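Enquirer: Sharing a structure below in structure tokens format, with a few things to ask.
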Amino acid sequence: RFRVLAKKYGVEEVIAAGNAIRIHPVELAESRTMRLMRIYPRTNIKPATRTILVPSPTEQAGAIGAPPLRDAALLEWLHELFTTLFSTP
């Protein structure tokens, strides 16, 4: 289901890269960029490469040393992220 959602929005890559999730290609309007930065702080947006780096989620948000989300929980979080990024308000 997640692959279908990513393809629907034109996203070709969703990769865990170190402490971040890399999403490519993504082009966002300025309002979406501001919303993304507000909801997911420390997100790095690279417009030249049309790439977004969102910090990897952990089981206990904000807890130091908390284990990262995995499997179904990570896919659910990614689905929520894509809904935030691409859905119309």
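Simple scheme: letters A, B, ... for chains in structure tokens order, numbers from 1 for residues in each chain, numbers from 1 for ligands in the order shown.
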Can I get the residues of region 13-39 of chain A within 12 Å of region 64-76 of chain A, each with the closest pair of atoms and their distance in Å to one decimal, using only C-alpha atoms, sorted chain first then ascending number, as CSV?
Expert:
residue,atom,partner,partner_atom,distance
A:Val14,CA,A:Leu75,CA,10.8
A:Ile15,CA,A:Leu74,CA,11.9
A:Ala16,CA,A:Leu74,CA,10.6
A:Gly18,CA,A:Pro68,CA,11.2
A:Asn19,CA,A:Pro68,CA,9.1
A:Ala20,CA,A:Pro68,CA,10.5
A:Ile21,CA,A:Leu74,CA,10.5
Enquirer: I'd like the neighbourhood of Tyr40 (chain A) as a PDB file with C-alpha atoms, in the first residue's frame, where a residue qualifies if any of its atoms comes within 8 Å (using only C-alpha atoms), though same-chain residues fewer than 3 positions away should be ignored.
Expert:
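Wrote part37.pdb, looks like this:
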ATOM      1  CA  LEU A  36       6.670  20.353   6.998  1.00  0.00           C
ATOM      2  CA  MET A  37       9.298  22.291   8.978  1.00  0.00           C
ATOM      3  CA  THR A  43      13.951  18.453   8.373  1.00  0.00           C
ATOM      4  CA  VAL A  54      13.298  13.941   7.565  1.00  0.00           C
ATOM      5  CA  PRO A  55      14.796  12.837  10.902  1.00  0.00           C
TER       6      PRO A  55
END
Enquirer: Rank nothing, just name the residue among A:Lys7, A:His24, A:Arg32, A:Arg1 nearest to Ala48 (chain A), using only C-alpha atoms.
Expert: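 Once distances to Ala48 (chain A) are computed over only C-alpha atoms, the minimum belongs to A:His24.
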Enquirer: Can you tell me how far CA of Arg38 (chain A) sits from CA of Val4 (chain A), in Å to one decimal?
Expert: 26.5 Å
